[in-house]
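*Asks:* Below is the file protein.txt, which contains compact mmCIF, C-alpha atoms and all ligand atoms.
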```txt
# COMPACT_ATOMS: atom_id res chain seq x y z
CA MET A 1 69.30 -3.35 1.66
CA SER A 2 65.82 -4.82 1.84
CA LYS A 3 63.41 -4.48 4.73
CA ARG A 4 60.25 -6.51 5.22
CA VAL A 5 57.82 -5.19 7.78
CA GLY A 6 54.81 -6.62 9.63
CA ILE A 7 52.79 -4.87 12.35
CA ALA A 8 50.01 -6.39 14.45
CA ARG A 9 47.77 -5.75 17.44
CA ALA A 10 46.68 -8.52 19.80
CA HIS A 11 44.43 -8.17 22.83
CA THR A 12 45.01 -9.98 26.10
CA ASN A 13 42.69 -12.74 27.26
CA ILE A 14 41.63 -13.98 30.67
CA ALA A 15 41.01 -17.69 31.08
CA LEU A 16 37.61 -18.74 32.46
CA ILE A 17 38.75 -22.38 32.30
CA LYS A 18 42.45 -22.18 33.14
CA TYR A 19 45.40 -23.65 31.28
CA TRP A 20 47.45 -25.01 34.16
CA GLY A 21 50.17 -27.55 33.40
CA LYS A 22 52.06 -28.81 30.36
CA ARG A 23 52.32 -32.37 29.08
CA ASP A 24 55.23 -31.29 26.81
CA ARG A 25 57.37 -28.40 27.96
CA ASP A 26 59.24 -27.83 24.68
CA LEU A 27 56.15 -27.90 22.48
CA PHE A 28 53.90 -26.08 24.99
CA LEU A 29 51.31 -28.85 24.86
CA PRO A 30 48.86 -28.38 27.74
CA MET A 31 47.49 -30.99 30.12
CA ASN A 32 43.96 -29.66 29.61
CA SER A 33 41.96 -27.63 27.11
CA SER A 34 41.08 -24.10 28.25
CA LEU A 35 38.62 -21.32 27.41
CA SER A 36 39.01 -17.55 27.69
CA LEU A 37 37.49 -14.15 27.10
CA THR A 38 39.51 -11.73 24.97
CA LEU A 39 39.55 -8.21 26.46
CA ASP A 40 39.25 -4.98 24.51
CA ALA A 41 40.92 -2.76 27.14
CA PHE A 42 44.40 -4.34 27.13
CA TYR A 43 46.60 -5.06 24.14
CA THR A 44 50.07 -5.22 22.62
CA ASP A 45 51.22 -3.61 19.37
CA THR A 46 54.30 -5.14 17.74
CA ARG A 47 56.34 -4.20 14.68
CA VAL A 48 58.70 -6.74 13.15
CA ILE A 49 61.32 -5.72 10.59
CA PHE A 50 63.46 -8.28 8.75
CA ASP A 51 66.42 -6.05 7.94
CA ASP A 52 69.36 -7.30 5.83
CA SER A 53 71.69 -4.79 7.48
CA LEU A 54 71.30 -6.44 10.93
CA SER A 55 73.88 -8.93 12.20
CA ALA A 56 71.72 -10.09 15.16
CA ASP A 57 68.11 -9.82 16.38
CA VAL A 58 67.22 -6.79 18.51
CA PHE A 59 64.22 -6.33 20.80
CA TYR A 60 62.72 -3.14 22.21
CA LEU A 61 59.88 -3.42 24.70
CA ASN A 62 58.09 -0.20 25.62
CA LYS A 63 60.84 1.74 23.82
CA GLU A 64 63.61 0.21 25.94
CA LYS A 65 66.24 -2.14 24.55
CA GLN A 66 65.86 -5.48 26.32
CA SER A 67 68.44 -7.67 28.07
CA SER A 68 70.06 -10.64 26.33
CA LYS A 69 67.77 -12.95 28.36
CA GLU A 70 64.60 -11.30 27.03
CA LEU A 71 66.10 -11.16 23.52
CA GLU A 72 66.84 -14.87 23.62
CA LYS A 73 63.15 -15.69 24.21
CA ILE A 74 62.22 -13.58 21.19
CA SER A 75 64.99 -15.04 18.98
CA GLN A 76 63.95 -18.60 19.86
CA PHE A 77 60.40 -17.72 18.92
CA LEU A 78 61.51 -16.15 15.62
CA ASP A 79 63.51 -19.32 14.94
CA LEU A 80 60.22 -21.23 14.64
CA PHE A 81 59.35 -19.06 11.66
CA ARG A 82 62.92 -19.13 10.29
CA GLU A 83 62.90 -22.93 10.42
CA TYR A 84 59.45 -23.10 8.84
CA THR A 85 60.36 -20.81 5.90
CA GLY A 86 64.13 -21.30 5.52
CA GLU A 87 64.55 -17.57 6.19
CA LYS A 88 68.01 -16.62 7.47
CA GLY A 89 67.61 -12.89 8.19
CA PHE A 90 67.75 -11.06 11.51
CA VAL A 91 64.92 -9.07 12.95
CA CYS A 92 64.24 -5.84 14.81
CA VAL A 93 61.22 -6.33 17.09
CA GLU A 94 59.58 -3.31 18.71
CA SER A 95 56.66 -3.86 21.01
CA LEU A 96 54.40 -1.62 23.07
CA ASN A 97 52.34 -3.06 25.91
CA PHE A 98 49.09 -1.27 26.65
CA VAL A 99 48.84 -3.59 29.65
CA PRO A 100 51.11 -3.92 32.70
CA THR A 101 53.99 -6.35 31.95
CA ALA A 102 54.34 -9.58 33.96
CA ALA A 103 51.67 -8.60 36.49
CA GLY A 104 49.20 -11.44 35.97
CA LEU A 105 47.22 -9.37 33.46
CA ALA A 106 48.30 -11.57 30.54
CA SER A 107 50.90 -9.41 28.75
CA SER A 108 52.57 -12.58 27.49
CA ALA A 109 49.29 -13.62 25.83
CA SER A 110 48.92 -10.47 23.76
CA ALA A 111 52.72 -10.32 23.25
CA PHE A 112 53.17 -13.60 21.41
CA ALA A 113 49.92 -13.40 19.46
CA ALA A 114 50.98 -9.96 18.14
CA LEU A 115 54.52 -11.17 17.46
CA ALA A 116 53.24 -14.23 15.58
CA LEU A 117 50.99 -12.23 13.26
CA ALA A 118 53.57 -9.45 12.73
CA THR A 119 56.26 -12.02 11.85
CA ALA A 120 53.98 -13.98 9.50
CA THR A 121 52.99 -10.71 7.81
CA ALA A 122 56.62 -9.58 7.37
CA LEU A 123 57.40 -12.96 5.80
CA GLY A 124 54.35 -12.81 3.52
CA LEU A 125 52.93 -16.04 4.97
CA GLU A 126 49.27 -16.77 4.38
CA MET A 127 48.11 -18.70 7.42
CA SER A 128 44.74 -19.14 9.05
CA ARG A 129 44.39 -17.74 12.57
CA GLU A 130 44.06 -21.35 13.79
CA GLU A 131 47.40 -22.31 12.28
CA LEU A 132 49.03 -19.11 13.50
CA SER A 133 47.83 -19.97 17.01
CA THR A 134 50.05 -23.08 16.94
CA PHE A 135 53.05 -20.74 16.51
CA ALA A 136 51.88 -18.25 19.17
CA ARG A 137 51.44 -21.19 21.56
CA ARG A 138 55.17 -21.82 21.58
CA GLY A 139 55.92 -18.32 22.84
CA SER A 140 53.44 -18.57 25.70
CA GLY A 141 50.58 -21.05 25.97
CA SER A 142 47.89 -18.52 26.83
CA SER A 143 48.70 -16.47 23.69
CA THR A 144 47.18 -19.30 21.63
CA ARG A 145 43.76 -17.94 22.58
CA SER A 146 44.46 -14.27 21.77
CA LEU A 147 44.28 -14.92 18.02
CA PHE A 148 40.49 -14.77 18.28
CA GLY A 149 38.00 -12.40 19.89
CA GLY A 150 35.29 -13.10 22.45
CA PHE A 151 35.08 -16.58 23.95
CA VAL A 152 37.91 -18.76 22.64
CA GLU A 153 38.81 -22.39 23.25
CA TRP A 154 42.36 -23.71 23.15
CA ASP A 155 41.90 -27.35 22.23
CA MET A 156 44.73 -29.32 23.87
CA GLY A 157 44.93 -31.42 20.68
CA THR A 158 46.76 -34.68 20.13
CA GLY A 159 50.09 -33.09 19.11
CA SER A 160 51.73 -29.84 18.06
CA ALA A 161 49.79 -29.47 14.80
CA ASP A 162 46.31 -29.57 16.31
CA SER A 163 46.86 -27.97 19.72
CA MET A 164 45.24 -24.72 18.58
CA ALA A 165 42.63 -22.07 19.28
CA HIS A 166 39.07 -22.01 17.93
CA PRO A 167 36.51 -19.23 18.28
CA VAL A 168 33.54 -20.29 20.43
CA ASP A 169 31.38 -17.13 20.36
CA ASP A 170 32.25 -13.52 19.65
CA ALA A 171 30.67 -12.60 23.01
CA ALA A 172 28.55 -9.82 21.60
CA TRP A 173 25.97 -10.75 24.24
CA ASN A 174 26.49 -8.28 27.02
CA ILE A 175 29.68 -9.59 28.68
CA GLY A 176 32.02 -7.41 30.73
CA MET A 177 35.02 -7.87 32.99
CA ILE A 178 36.10 -5.73 35.93
CA ILE A 179 39.79 -5.94 36.78
CA LEU A 180 40.69 -5.29 40.40
CA ALA A 181 44.34 -4.39 39.85
CA VAL A 182 45.46 -4.54 43.48
CA ASP A 183 49.13 -4.89 42.52
CA THR A 184 50.58 -4.38 39.04
CA GLY A 185 54.20 -4.99 40.04
CA LYS A 186 56.12 -7.90 38.54
CA LYS A 187 55.06 -11.30 39.85
CA LYS A 188 57.52 -13.38 41.85
CA ILE A 189 56.66 -16.82 40.50
CA ALA A 190 56.20 -16.97 36.72
CA SER A 191 53.16 -18.97 35.58
CA ARG A 192 55.53 -21.31 33.77
CA VAL A 193 57.42 -22.14 36.96
CA GLY A 194 54.30 -22.29 39.16
CA MET A 195 52.45 -24.68 36.89
CA GLU A 196 55.39 -27.03 36.49
CA HIS A 197 55.97 -27.23 40.23
CA THR A 198 52.27 -27.93 40.71
CA VAL A 199 52.16 -30.72 38.11
CA GLN A 200 55.14 -32.36 39.75
CA THR A 201 54.16 -32.10 43.40
CA SER A 202 50.43 -31.54 44.01
CA PRO A 203 48.49 -34.71 44.86
CA PHE A 204 45.36 -32.80 43.75
CA TYR A 205 46.71 -32.25 40.24
CA PRO A 206 45.16 -35.34 38.53
CA MET A 207 41.76 -34.22 39.83
CA TRP A 208 42.36 -30.78 38.34
CA VAL A 209 42.88 -32.28 34.88
CA GLU A 210 39.82 -34.49 35.17
CA THR A 211 37.44 -31.81 36.42
CA ALA A 212 38.74 -29.09 34.05
CA ALA A 213 37.57 -31.24 31.12
CA GLN A 214 34.07 -31.48 32.62
CA ASP A 215 34.03 -27.74 33.38
CA LEU A 216 34.93 -26.98 29.77
CA GLN A 217 32.07 -29.03 28.34
CA GLU A 218 29.58 -27.42 30.70
CA MET A 219 30.91 -23.95 30.00
CA LYS A 220 30.61 -24.37 26.24
CA ALA A 221 26.98 -25.41 26.70
CA ALA A 222 26.36 -22.37 28.96
CA ILE A 223 27.85 -20.06 26.29
CA ILE A 224 25.70 -21.52 23.54
CA GLN A 225 22.62 -21.10 25.75
CA GLN A 226 23.79 -17.61 26.80
CA ASP A 227 23.29 -18.75 30.39
CA PHE A 228 25.35 -16.08 32.14
CA GLU A 229 24.89 -17.35 35.68
CA ARG A 230 26.00 -20.87 34.79
CA LEU A 231 28.97 -19.42 32.88
CA GLY A 232 29.97 -17.37 35.91
CA GLN A 233 29.55 -20.21 38.42
CA ILE A 234 31.80 -22.49 36.38
CA THR A 235 34.35 -19.66 35.97
CA GLU A 236 34.62 -19.06 39.71
CA HIS A 237 34.72 -22.75 40.59
CA ASN A 238 37.39 -23.53 37.99
CA GLY A 239 39.64 -20.63 39.03
CA MET A 240 39.44 -21.56 42.73
CA LYS A 241 40.35 -25.16 41.89
CA MET A 242 43.44 -23.98 40.02
CA HIS A 243 44.59 -22.00 43.05
CA ALA A 244 43.86 -24.97 45.33
CA THR A 245 46.49 -26.90 43.38
CA THR A 246 49.15 -24.30 44.30
CA LEU A 247 48.26 -24.56 47.99
CA SER A 248 48.55 -28.34 47.75
CA ALA A 249 51.93 -28.24 45.93
CA ASN A 250 55.02 -29.18 47.91
CA PRO A 251 56.43 -26.81 49.04
CA PRO A 252 53.15 -24.91 48.85
CA PHE A 253 52.79 -21.45 47.34
CA THR A 254 50.10 -18.96 46.43
CA TYR A 255 49.71 -16.02 44.05
CA TRP A 256 47.25 -14.38 46.43
CA THR A 257 48.13 -11.59 48.84
CA ALA A 258 46.16 -9.88 51.58
CA ALA A 259 45.02 -7.39 48.91
CA THR A 260 43.66 -10.28 46.80
CA MET A 261 41.55 -11.51 49.71
CA LYS A 262 40.30 -7.98 50.40
CA ALA A 263 39.25 -7.61 46.75
CA GLN A 264 37.52 -11.01 46.84
CA ALA A 265 35.63 -9.98 49.98
CA ALA A 266 34.54 -6.77 48.23
CA VAL A 267 33.17 -8.77 45.29
CA ARG A 268 31.20 -11.05 47.62
CA GLN A 269 29.85 -8.08 49.55
CA VAL A 270 28.80 -6.06 46.50
CA ARG A 271 27.14 -8.92 44.60
CA GLU A 272 25.16 -9.83 47.69
CA GLU A 273 24.18 -6.25 48.49
CA PHE A 274 23.03 -5.50 44.93
CA GLY A 275 21.74 -8.97 44.05
CA VAL A 276 23.74 -8.70 40.82
CA PRO A 277 25.55 -11.77 39.42
CA ALA A 278 29.34 -11.28 39.33
CA TYR A 279 31.95 -14.01 39.45
CA MET A 280 35.65 -13.83 40.19
CA THR A 281 38.72 -15.48 38.77
CA MET A 282 42.46 -15.09 39.47
CA ASP A 283 45.55 -15.96 37.46
CA ALA A 284 49.25 -16.29 38.28
CA GLY A 285 49.25 -13.01 40.18
CA PRO A 286 47.38 -11.18 42.96
CA ASN A 287 44.80 -9.35 40.81
CA VAL A 288 41.14 -10.30 40.77
CA LYS A 289 39.03 -10.33 37.60
CA VAL A 290 35.26 -10.17 37.83
CA LEU A 291 33.04 -11.55 35.07
CA CYS A 292 29.74 -9.70 34.85
CA ARG A 293 27.02 -8.60 32.45
CA ALA A 294 28.20 -5.47 30.63
CA SER A 295 24.92 -3.80 31.56
CA ASP A 296 25.65 -4.39 35.30
CA MET A 297 29.25 -3.13 35.11
CA GLY A 298 28.52 0.51 36.05
CA ARG A 299 26.63 -0.45 39.21
CA LEU A 300 29.22 -3.03 40.25
CA VAL A 301 32.12 -0.62 39.69
CA LYS A 302 30.43 2.01 41.83
CA GLY A 303 29.89 -0.55 44.59
CA LEU A 304 33.44 -1.92 44.42
CA LYS A 305 34.90 1.59 44.66
CA GLU A 306 33.27 1.89 48.09
CA TYR A 307 35.68 -0.81 49.26
CA LEU A 308 38.75 -0.39 47.04
CA PRO A 309 40.78 2.59 45.73
CA ALA A 310 39.15 3.91 42.55
CA GLU A 311 42.36 3.62 40.50
CA GLN A 312 42.45 -0.14 41.15
CA VAL A 313 39.07 -0.73 39.50
CA LEU A 314 39.48 -1.12 35.71
CA THR A 315 36.89 -2.30 33.21
CA SER A 316 36.82 -4.08 29.88
CA LEU A 317 34.34 -5.41 27.37
CA SER A 318 34.91 -8.37 25.10
CA GLY A 319 37.68 -7.68 22.60
CA PRO A 320 38.57 -8.66 19.02
CA GLY A 321 41.09 -11.17 17.71
CA THR A 322 44.57 -10.32 16.46
CA TYR A 323 44.77 -8.06 13.40
CA ILE A 324 47.27 -6.32 11.12
CA LEU A 325 48.10 -2.64 11.65
CA SER A 326 49.32 -0.09 9.10
CA GLU A 327 52.45 2.05 9.53
CA ALA A 328 50.13 5.01 10.30
CA ASP A 329 48.44 2.94 13.05
CA TRP A 330 51.90 2.17 14.45
CA GLN A 331 52.81 5.85 14.56
CA ALA A 332 49.52 6.59 16.36
CA SER A 333 50.27 3.81 18.80
CA GLN A 334 53.69 5.32 19.61
CA VAL A 335 52.02 8.66 20.34
CA ALA A 336 49.39 6.99 22.55
CA PHE A 337 52.12 5.15 24.45
CA SER A 338 54.14 8.34 24.97
CA ARG A 339 51.02 10.02 26.33
CA GLY A 340 50.93 7.33 28.99
CA GLU A 341 47.87 5.43 27.82
CA HIS A 342 49.33 2.13 28.94
CA HIS A 343 47.90 1.27 32.35
CA ASP A 344 51.11 1.02 34.38
P1 LIG B 401 51.82 -11.84 32.35
O1 LIG B 401 50.84 -12.08 33.44
O2 LIG B 401 51.98 -10.37 32.10
O3 LIG B 401 51.52 -12.61 31.10
P2 LIG B 401 54.17 -13.57 32.46
O4 LIG B 401 55.26 -13.65 33.50
O5 LIG B 401 53.40 -14.79 32.15
O6 LIG B 401 53.20 -12.38 32.92
O7 LIG B 401 54.79 -13.02 31.13
C1 LIG B 401 55.52 -11.83 31.11
C2 LIG B 401 56.70 -12.02 30.17
O8 LIG B 401 56.24 -12.03 28.82
C3 LIG B 401 57.69 -10.85 30.23
O9 LIG B 401 58.61 -11.02 31.28
C4 LIG B 401 58.33 -10.94 28.86
O10 LIG B 401 59.32 -11.95 28.84
C5 LIG B 401 57.19 -11.41 27.98
N1 LIG B 401 56.55 -10.25 27.34
C6 LIG B 401 55.65 -9.39 27.87
N2 LIG B 401 55.29 -8.46 26.98
C7 LIG B 401 55.99 -8.72 25.86
C8 LIG B 401 56.00 -8.13 24.55
N3 LIG B 401 55.24 -7.09 24.25
N4 LIG B 401 56.79 -8.71 23.60
C9 LIG B 401 57.51 -9.81 23.90
N5 LIG B 401 57.54 -10.41 25.10
C10 LIG B 401 56.78 -9.87 26.07
C1 LIG B 402 47.09 -18.93 35.12
O1 LIG B 402 50.56 -18.86 29.22
O2 LIG B 402 51.75 -17.51 30.98
O3 LIG B 402 47.12 -17.41 33.31
O4 LIG B 402 52.79 -21.21 28.51
O5 LIG B 402 54.48 -21.15 30.32
O6 LIG B 402 54.03 -19.10 28.96
P1 LIG B 402 53.46 -20.37 29.55
O7 LIG B 402 52.37 -19.92 30.62
P2 LIG B 402 51.23 -18.83 30.53
O8 LIG B 402 50.22 -19.39 31.65
C2 LIG B 402 48.97 -18.88 31.86
C3 LIG B 402 48.41 -19.44 33.13
C4 LIG B 402 47.14 -18.78 33.62
C5 LIG B 402 45.91 -19.48 33.06
C6 LIG B 402 45.55 -19.20 31.62
O9 LIG B 402 45.81 -18.11 31.09
O10 LIG B 402 44.95 -20.11 31.02
```
Is it possible to give me this structure as structure tokens?
Ligand code: ADP
Ligand code: DP6

*Replies:*
Amino acid sequence: MSKRVGIARAHTNIALIKYWGKRDRDLFLPMNSSLSLTLDAFYTDTRVIFDDSLSADVFYLNKEKQSSKELEKISQFLDLFREYTGEKGFVCVESLNFVPTAAGLASSASAFAALALATATALGLEMSREELSTFARRGSGSSTRSLFGGFVEWDMGTGSADSMAHPVDDAAWNIGMIILAVDTGKKKIASRVGMEHTVQTSPFYPMWVETAAQDLQEMKAAIIQQDFERLGQITEHNGMKMHATTLSANPPFTYWTAATMKAQAAVRQVREEFGVPAYMTMDAGPNVKVLCRASDMGRLVKGLKEYLPAEQVLTSLSGPGTYILSEADWQASQVAFSRGEHHD
């Protein structure tokens, strides 16, 4: 019985220009290009084994066997590779999230980037990270960007073959992110559902698409010039616009809670008090992420802990792109997970 194994680690990413809306639901083609920062503090490790003795796919997440609904998502994703290669075998997928799952901290981004590289490795495929990102995209759009480290653009492309990620800058220049994890429980409205409802019902949506394109161009220029304040201003403005589209959907909804607003108020207070630039952004969940200079992070964290419980204030620097792990790395990862080093 033959077994072919691939193991990979992918880090999560937080969008600074949000992906919000699909123009093709089946192919995961976005309405607008987006840009993110990959984080070093949060990641997913995934091992894929094509095993001739299996009669169906199996999926373990965080050491627990998953429901048929979760398995189906994984099997459909694996089918993309099976169709591409003509492979017929079944797969055992084991994945460990070193990030809270489904809490708006982008577990689906690291999940499908890791799964894409692990599957390609098991199948012996030689693909560029760009090409691999077109596979990751079809598991979850935001995972497109996790193939690369630092600042990454997901170019909306003209079709499935060129809707892919490109590295913009490896963000070695003093960038940090503070995560105000006010609630790491499972979100009630999946990003997929929220964005579709917004596209269909918000009268503000066309303006979102138009202005996101302008924001992206300006942000890329700010990154090239290493203009942190401009980068942060565009980040905060773009994120707020995305959330304005949920309030203007019909019926309206929001991912924010009272705890979100309290965290936002703390950010405003601390940046004003210290005169330190810090800019917030939120995703499809209640948590607040704060973009700052890495060298200011210590001071900002101290200030934020005056207003929020210390355990809610997490930090990250810029992280690397997706990479292959060895079996020894995988064993070490299992030990780390069992020790509880997984943020939830
Ligand atoms: P998040 O903010 O964490 O990305 P989403 O609701 O967008 O939240 O995505 C969470 C979903 O992604 C989970 O319900 C699960 O279906 C999938 N997922 C999360 N982690 C993994 C993983 N390691 N491997 C495969 N799928 C995963
Ligand atoms: C608000 O990538 O989770 O985080 O493609 O349907 O899986 P699907 O959606 P997903 O949406 C992410 C939305 C966001 C913004 C972003 O990450 O760009």

*Asks:* Fewer than 5 positions away in the same chain doesn't count, so skip those; otherwise give me all residues within 10 Å of segment 18-31 of chain A, counting all atoms listed in the file, as an mmCIF file with C-alpha atoms, in the coordinates of the input.

*Replies:*
```
data_model
loop_
_atom_site.group_PDB
_atom_site.id
_atom_site.type_symbol
_atom_site.label_atom_id
_atom_site.label_comp_id
_atom_site.auth_asym_id
_atom_site.auth_seq_id
_atom_site.Cartn_x
_atom_site.Cartn_y
_atom_site.Cartn_z
ATOM 1 C CA SER A 36 39.010 -17.550 27.690
ATOM 2 C CA THR A 134 50.050 -23.080 16.940
ATOM 3 C CA PHE A 135 53.050 -20.740 16.510
ATOM 4 C CA ALA A 136 51.880 -18.250 19.170
ATOM 5 C CA ARG A 137 51.440 -21.190 21.560
ATOM 6 C CA ARG A 138 55.170 -21.820 21.580
ATOM 7 C CA GLY A 139 55.920 -18.320 22.840
ATOM 8 C CA SER A 140 53.440 -18.570 25.700
ATOM 9 C CA GLY A 141 50.580 -21.050 25.970
ATOM 10 C CA SER A 142 47.890 -18.520 26.830
ATOM 11 C CA TRP A 154 42.360 -23.710 23.150
ATOM 12 C CA ASP A 155 41.900 -27.350 22.230
ATOM 13 C CA MET A 156 44.730 -29.320 23.870
ATOM 14 C CA GLY A 157 44.930 -31.420 20.680
ATOM 15 C CA THR A 158 46.760 -34.680 20.130
ATOM 16 C CA GLY A 159 50.090 -33.090 19.110
ATOM 17 C CA SER A 160 51.730 -29.840 18.060
ATOM 18 C CA ASP A 162 46.310 -29.570 16.310
ATOM 19 C CA SER A 163 46.860 -27.970 19.720
ATOM 20 C CA MET A 164 45.240 -24.720 18.580
ATOM 21 C CA SER A 191 53.160 -18.970 35.580
ATOM 22 C CA ARG A 192 55.530 -21.310 33.770
ATOM 23 C CA VAL A 193 57.420 -22.140 36.960
ATOM 24 C CA GLY A 194 54.300 -22.290 39.160
ATOM 25 C CA MET A 195 52.450 -24.680 36.890
ATOM 26 C CA GLU A 196 55.390 -27.030 36.490
ATOM 27 C CA HIS A 197 55.970 -27.230 40.230
ATOM 28 C CA THR A 198 52.270 -27.930 40.710
ATOM 29 C CA VAL A 199 52.160 -30.720 38.110
ATOM 30 C CA GLN A 200 55.140 -32.360 39.750
ATOM 31 C CA TYR A 205 46.710 -32.250 40.240
ATOM 32 C CA PRO A 206 45.160 -35.340 38.530
ATOM 33 C CA TRP A 208 42.360 -30.780 38.340
ATOM 34 C CA VAL A 209 42.880 -32.280 34.880
ATOM 35 C CA GLU A 210 39.820 -34.490 35.170
ATOM 36 C CA ALA A 212 38.740 -29.090 34.050
ATOM 37 C CA ALA A 213 37.570 -31.240 31.120
ATOM 38 C CA LEU A 216 34.930 -26.980 29.770
ATOM 39 C CA THR A 235 34.350 -19.660 35.970
ATOM 40 C CA ASN A 238 37.390 -23.530 37.990
ATOM 41 C CA GLY A 239 39.640 -20.630 39.030
ATOM 42 C CA LYS A 241 40.350 -25.160 41.890
ATOM 43 C CA MET A 242 43.440 -23.980 40.020
ATOM 44 C CA HIS A 243 44.590 -22.000 43.050
ATOM 45 C CA THR A 245 46.490 -26.900 43.380
ATOM 46 C CA THR A 281 38.720 -15.480 38.770
ATOM 47 C CA MET A 282 42.460 -15.090 39.470
ATOM 48 C CA ASP A 283 45.550 -15.960 37.460
ATOM 49 C CA ALA A 284 49.250 -16.290 38.280
#
```

*Asks:* One decimal, in Å: what's the spacing between atom CA of His11 of chain A and atom CA of Arg339 of chain A?

*Replies:*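 Interatomic distance here is 19.7 Å.
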
*Asks:* List the spatial neighbours of segment 293-308 of chain A as a list of chain:residue names - criterion: any atom at most 9 Å away, all atoms listed in the file, same-chain residues fewer than 4 positions off excluded.

*Replies:*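 These residues fall inside the cut-off: A:Trp173, A:Asn174, A:Ile175, A:Gly176, A:Met177, A:Ile178, A:Leu180, A:Val182, A:Phe228, A:Lys262, A:Ala263, A:Ala266, A:Val267, A:Gln269, A:Val270, A:Arg271, A:Glu273, A:Phe274, A:Val276, A:Pro277, A:Ala278, A:Gln312, A:Val313, A:Leu314, A:Thr315, A:Ser316, A:Leu317.
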
*Asks:* For segment 107-115 of chain A, work out the shell of residues within 8 Å, counting all atoms listed in the file and skipping chain neighbours fewer than 3 positions away, then give it as a VMD selection string.

*Replies:* chain A and resid 7 to 13 43 to 48 95 97 99 to 104 118 to 119 133 136 to 137 139 to 147 322

*Asks:* Residues near Asp170 of chain A, anyone? I mean within 7 Å using all atoms listed in the file, not counting same-chain ones fewer than 2 positions away, as a list of chain:residue names.

*Replies:*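 Contacts, with the query itself left out: A:Gly149, A:Gly150, A:Phe151, A:Val168, A:Ala172.
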
*Asks:* I need the residue nearest Arg268 of chain A from this list: A:Glu87, A:Glu236, A:Asp52, A:Asp40. Use all atoms listed in the file for the distance.

*Replies:*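 Ranked by minimum distance to Arg268 of chain A, first place goes to A:Glu236.
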
*Asks:* Taking into account only C-alpha atoms and all ligand atoms, which residue in the set A:Leu325, A:Leu35, A:His237, A:Gly185 is nearest to ligand LIG 402 (chain B)?

*Replies:*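 When distances to ligand LIG 402 (chain B) are compared using only C-alpha atoms and all ligand atoms, the smallest one comes from A:Leu35.
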
*Asks:* May I ask for the distance between atom CA of Gln76 of chain A and atom C4 of ligand LIG 402 (chain B), given in Å to one decimal place?

*Replies:* 21.7 Å

*Asks:* Hey, what's within 10 Å of Met219 of chain A if we count all atoms listed in the file and toss same-chain stuff fewer than 4 positions away? As a list in words, please?

*Replies:* Leu16, Ile17, Leu35, Ala213, Gln214, Asp215, Ile223, Ile224, Gln225, Asp227, Phe228, Arg230, Leu231, Gly232, Gln233, Ile234 and Thr235 of chain A

*Asks:* Rank A:Ala310, A:Lys69, A:Ala332, A:Ile74 by their smallest atom-to-atom distance to Asp57 of chain A, using all atoms listed in the file, and report the top residue only.

*Replies:*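 Closest candidate: A:Ile74.
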
*Asks:* Between atom CA of Ala181 of chain A and atom N5 of ligand LIG 401 (chain B), what distance in Å does the model show, to one decimal?

*Replies:*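 Separation between atom CA of Ala181 of chain A and atom N5 of ligand LIG 401 (chain B): 20.7 Å.
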
*Asks:* Of the candidates A:Thr121, A:Thr260, A:Asn287, A:Thr184, which one gets nearest to ligand LIG 402 (chain B) if we count only C-alpha atoms and all ligand atoms?

*Replies:* A:Asn287

*Asks:* Select, from A:Gln264, A:Thr246, A:Ser128, A:Ser318, the residue with the minimum atom-to-atom distance to ligand LIG 402 (chain B), counting only C-alpha atoms and all ligand atoms.

*Replies:*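 Residue with the minimum atom-to-atom distance to ligand LIG 402 (chain B): A:Thr246.
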